[in-house]
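To start, the structure itself, in structure tokens.
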Amino acid sequence: MKCTVLILCSAFILGGCVATGRQTAETNEQLEPTVVFRPTAGSYILSCLEDLGSLRSKEFNDYFRAAEGQLANGSDEDTLRFICLSLSVKANYKQFKEGSEALDHYIVDHPDDRKEMVGLRGLVSRLDQAKIARWSGRKKMLDEKEELEGEVTTLQEEIKKMQAESEQDKVRIQELRNQIEQLKNIENIIKNREHGS
């Protein structure tokens, strides 16, 4: 009888522990948070840039005009789309600068996204500097090209002048040779007359 009571008590205690363990596990599962991914502004812009890669120039220009028109609505998504389009390789410098200004306004208006967007702003500034350096380098190269073309033109004119002078010198030399030959002939004629008389 003691043995039976002991077995029943043990079974009851063990059964209670198992039930308690099940309840604890169920409670833990209920307390586990569900992770919902909310894309950040920066990730939205980067994935948008990835999607733009296949656009043709005409399509890009159409999208940019549409985004520029929707920018006035003030929707965050419209602003981010506009910024994305302005960062595309197909955007001209004016479009790039407009997007850069929109990014500055977005950072001011969204302090929660500030840290991420300031990092993106730093990259945009570096890109702007690179574009300006490329533009100034190209301008400098074009200026040097014009200067070299001017020097080439001057040298070509000098060569033509020297060639003309060289031709004149050749003609003059030939005239002098002819005169020398004539003088030799005259001298021979005089010698022959002196020997003949």
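Every chain in the structure tokens takes a letter, A first, then B, and so on in the order presented; its residues are numbered from 1, and the ligands are numbered from 1 following the presented order.
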
(message) Could you list, as a PyMOL selection string, every residue within 10 Å of region 103-116 of chain A, counting only C-alpha atoms and ignoring same-chain residues fewer than 5 positions away?
(response) chain A and resi 40-43+76+79-80+82-84+86+97-98+121+124

Please produce a file of the residues just selected, as an mmCIF file, in the first residue's frame, where the atoms kept are all heavy atoms.
```cif
data_model
loop_
_atom_site.group_PDB
_atom_site.id
_atom_site.type_symbol
_atom_site.label_atom_id
_atom_site.label_comp_id
_atom_site.auth_asym_id
_atom_site.auth_seq_id
_atom_site.Cartn_x
_atom_site.Cartn_y
_atom_site.Cartn_z
ATOM 1 N N THR A 40 14.033 50.248 -44.494
ATOM 2 C CA THR A 40 14.437 51.601 -44.131
ATOM 3 C C THR A 40 14.485 52.451 -45.397
ATOM 4 O O THR A 40 14.464 51.924 -46.515
ATOM 5 C CB THR A 40 15.822 51.585 -43.468
ATOM 6 O OG1 THR A 40 16.767 51.073 -44.413
ATOM 7 C CG2 THR A 40 15.826 50.726 -42.215
ATOM 8 N N ALA A 41 14.594 53.742 -45.198
ATOM 9 C CA ALA A 41 14.655 54.652 -46.347
ATOM 10 C C ALA A 41 15.881 54.344 -47.199
ATOM 11 O O ALA A 41 15.808 54.320 -48.427
ATOM 12 C CB ALA A 41 14.682 56.095 -45.854
ATOM 13 N N GLY A 42 17.000 54.083 -46.534
ATOM 14 C CA GLY A 42 18.234 53.779 -47.268
ATOM 15 C C GLY A 42 18.129 52.498 -48.066
ATOM 16 O O GLY A 42 18.554 52.432 -49.221
ATOM 17 N N SER A 43 17.538 51.452 -47.461
ATOM 18 C CA SER A 43 17.397 50.186 -48.196
ATOM 19 C C SER A 43 16.413 50.344 -49.352
ATOM 20 O O SER A 43 16.578 49.726 -50.400
ATOM 21 C CB SER A 43 16.980 49.055 -47.260
ATOM 22 O OG SER A 43 15.696 49.293 -46.735
ATOM 23 N N ASP A 76 6.369 60.228 -48.503
ATOM 24 C CA ASP A 76 7.741 59.786 -48.271
ATOM 25 C C ASP A 76 8.227 58.880 -49.392
ATOM 26 O O ASP A 76 9.362 59.002 -49.852
ATOM 27 C CB ASP A 76 7.855 59.034 -46.932
ATOM 28 C CG ASP A 76 7.721 59.971 -45.749
ATOM 29 O OD1 ASP A 76 7.790 61.200 -45.944
ATOM 30 O OD2 ASP A 76 7.549 59.464 -44.621
ATOM 31 N N THR A 79 9.158 60.869 -52.401
ATOM 32 C CA THR A 79 10.439 61.559 -52.195
ATOM 33 C C THR A 79 11.593 60.584 -52.355
ATOM 34 O O THR A 79 12.584 60.885 -53.034
ATOM 35 C CB THR A 79 10.489 62.198 -50.791
ATOM 36 O OG1 THR A 79 9.392 63.106 -50.659
ATOM 37 C CG2 THR A 79 11.782 62.936 -50.565
ATOM 38 N N LEU A 80 11.472 59.403 -51.752
ATOM 39 C CA LEU A 80 12.541 58.409 -51.846
ATOM 40 C C LEU A 80 12.728 57.929 -53.290
ATOM 41 O O LEU A 80 13.851 57.727 -53.744
ATOM 42 C CB LEU A 80 12.246 57.228 -50.916
ATOM 43 C CG LEU A 80 12.295 57.543 -49.421
ATOM 44 C CD1 LEU A 80 11.844 56.342 -48.606
ATOM 45 C CD2 LEU A 80 13.673 58.010 -48.996
ATOM 46 N N PHE A 82 12.111 59.710 -55.957
ATOM 47 C CA PHE A 82 12.753 60.819 -56.662
ATOM 48 C C PHE A 82 14.257 60.833 -56.369
ATOM 49 O O PHE A 82 15.074 61.008 -57.275
ATOM 50 C CB PHE A 82 12.106 62.147 -56.245
ATOM 51 C CG PHE A 82 12.709 63.333 -56.925
ATOM 52 C CD1 PHE A 82 12.384 63.639 -58.237
ATOM 53 C CD2 PHE A 82 13.598 64.153 -56.259
ATOM 54 C CE1 PHE A 82 12.945 64.734 -58.876
ATOM 55 C CE2 PHE A 82 14.162 65.249 -56.883
ATOM 56 C CZ PHE A 82 13.836 65.537 -58.198
ATOM 57 N N ILE A 83 14.615 60.651 -55.089
ATOM 58 C CA ILE A 83 16.037 60.618 -54.713
ATOM 59 C C ILE A 83 16.735 59.470 -55.431
ATOM 60 O O ILE A 83 17.829 59.637 -55.982
ATOM 61 C CB ILE A 83 16.185 60.481 -53.179
ATOM 62 C CG1 ILE A 83 15.682 61.746 -52.482
ATOM 63 C CG2 ILE A 83 17.632 60.214 -52.796
ATOM 64 C CD1 ILE A 83 15.516 61.620 -50.971
ATOM 65 N N CYS A 84 16.088 58.312 -55.457
ATOM 66 C CA CYS A 84 16.648 57.145 -56.137
ATOM 67 C C CYS A 84 16.902 57.453 -57.617
ATOM 68 O O CYS A 84 17.990 57.191 -58.129
ATOM 69 C CB CYS A 84 15.684 55.970 -55.997
ATOM 70 S SG CYS A 84 16.005 54.615 -57.140
ATOM 71 N N SER A 86 17.342 60.276 -59.043
ATOM 72 C CA SER A 86 18.381 61.295 -59.227
ATOM 73 C C SER A 86 19.780 60.716 -59.057
ATOM 74 O O SER A 86 20.744 61.281 -59.542
ATOM 75 C CB SER A 86 18.179 62.446 -58.238
ATOM 76 O OG SER A 86 18.531 62.031 -56.926
ATOM 77 N N LYS A 97 21.546 67.060 -58.751
ATOM 78 C CA LYS A 97 21.529 68.126 -57.740
ATOM 79 C C LYS A 97 20.133 68.272 -57.125
ATOM 80 O O LYS A 97 20.000 68.518 -55.927
ATOM 81 C CB LYS A 97 21.985 69.459 -58.353
ATOM 82 C CG LYS A 97 23.453 69.518 -58.706
ATOM 83 C CD LYS A 97 24.346 69.200 -57.527
ATOM 84 C CE LYS A 97 24.607 70.401 -56.681
ATOM 85 N NZ LYS A 97 25.519 70.119 -55.553
ATOM 86 N N GLU A 98 19.071 68.139 -57.937
ATOM 87 C CA GLU A 98 17.704 68.217 -57.404
ATOM 88 C C GLU A 98 17.454 67.091 -56.404
ATOM 89 O O GLU A 98 16.861 67.304 -55.351
ATOM 90 C CB GLU A 98 16.684 68.133 -58.552
ATOM 91 C CG GLU A 98 16.640 69.363 -59.420
ATOM 92 C CD GLU A 98 15.762 69.190 -60.658
ATOM 93 O OE1 GLU A 98 15.193 68.080 -60.844
ATOM 94 O OE2 GLU A 98 15.655 70.136 -61.446
ATOM 95 N N ARG A 121 23.968 60.472 -47.380
ATOM 96 C CA ARG A 121 24.273 61.844 -47.811
ATOM 97 C C ARG A 121 25.774 62.017 -48.020
ATOM 98 O O ARG A 121 26.220 62.696 -48.946
ATOM 99 C CB ARG A 121 23.764 62.841 -46.752
ATOM 100 C CG ARG A 121 24.019 64.276 -47.117
ATOM 101 C CD ARG A 121 23.139 64.646 -48.310
ATOM 102 N NE ARG A 121 23.418 65.955 -48.791
ATOM 103 C CZ ARG A 121 23.992 66.213 -49.977
ATOM 104 N NH1 ARG A 121 24.336 65.234 -50.771
ATOM 105 N NH2 ARG A 121 24.191 67.429 -50.371
ATOM 106 N N VAL A 124 26.615 60.566 -51.284
ATOM 107 C CA VAL A 124 26.144 61.448 -52.361
ATOM 108 C C VAL A 124 27.100 62.635 -52.517
ATOM 109 O O VAL A 124 27.423 63.047 -53.634
ATOM 110 C CB VAL A 124 24.694 61.913 -52.088
ATOM 111 C CG1 VAL A 124 24.277 63.019 -53.037
ATOM 112 C CG2 VAL A 124 23.733 60.734 -52.199
#
```

(message) Using only C-alpha atoms, can you tell me which of A:Glu77, A:Ser57, A:Arg172, A:Tyr93 comes closest to Asp128 (chain A)?
(response) A:Tyr93

(request) For CA of Leu52 (chain A) and CA of Leu85 (chain A), determine how far apart the two atoms are, in Å to one decimal place. (result) 7.8 Å

(message) Report, in Å with one decimal, the straight-line distance from CA of Lys170 (chain A) to CA of Gly150 (chain A).
(response)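 One can read the CA of Lys170 (chain A) to CA of Gly150 (chain A) distance as 29.8 Å.
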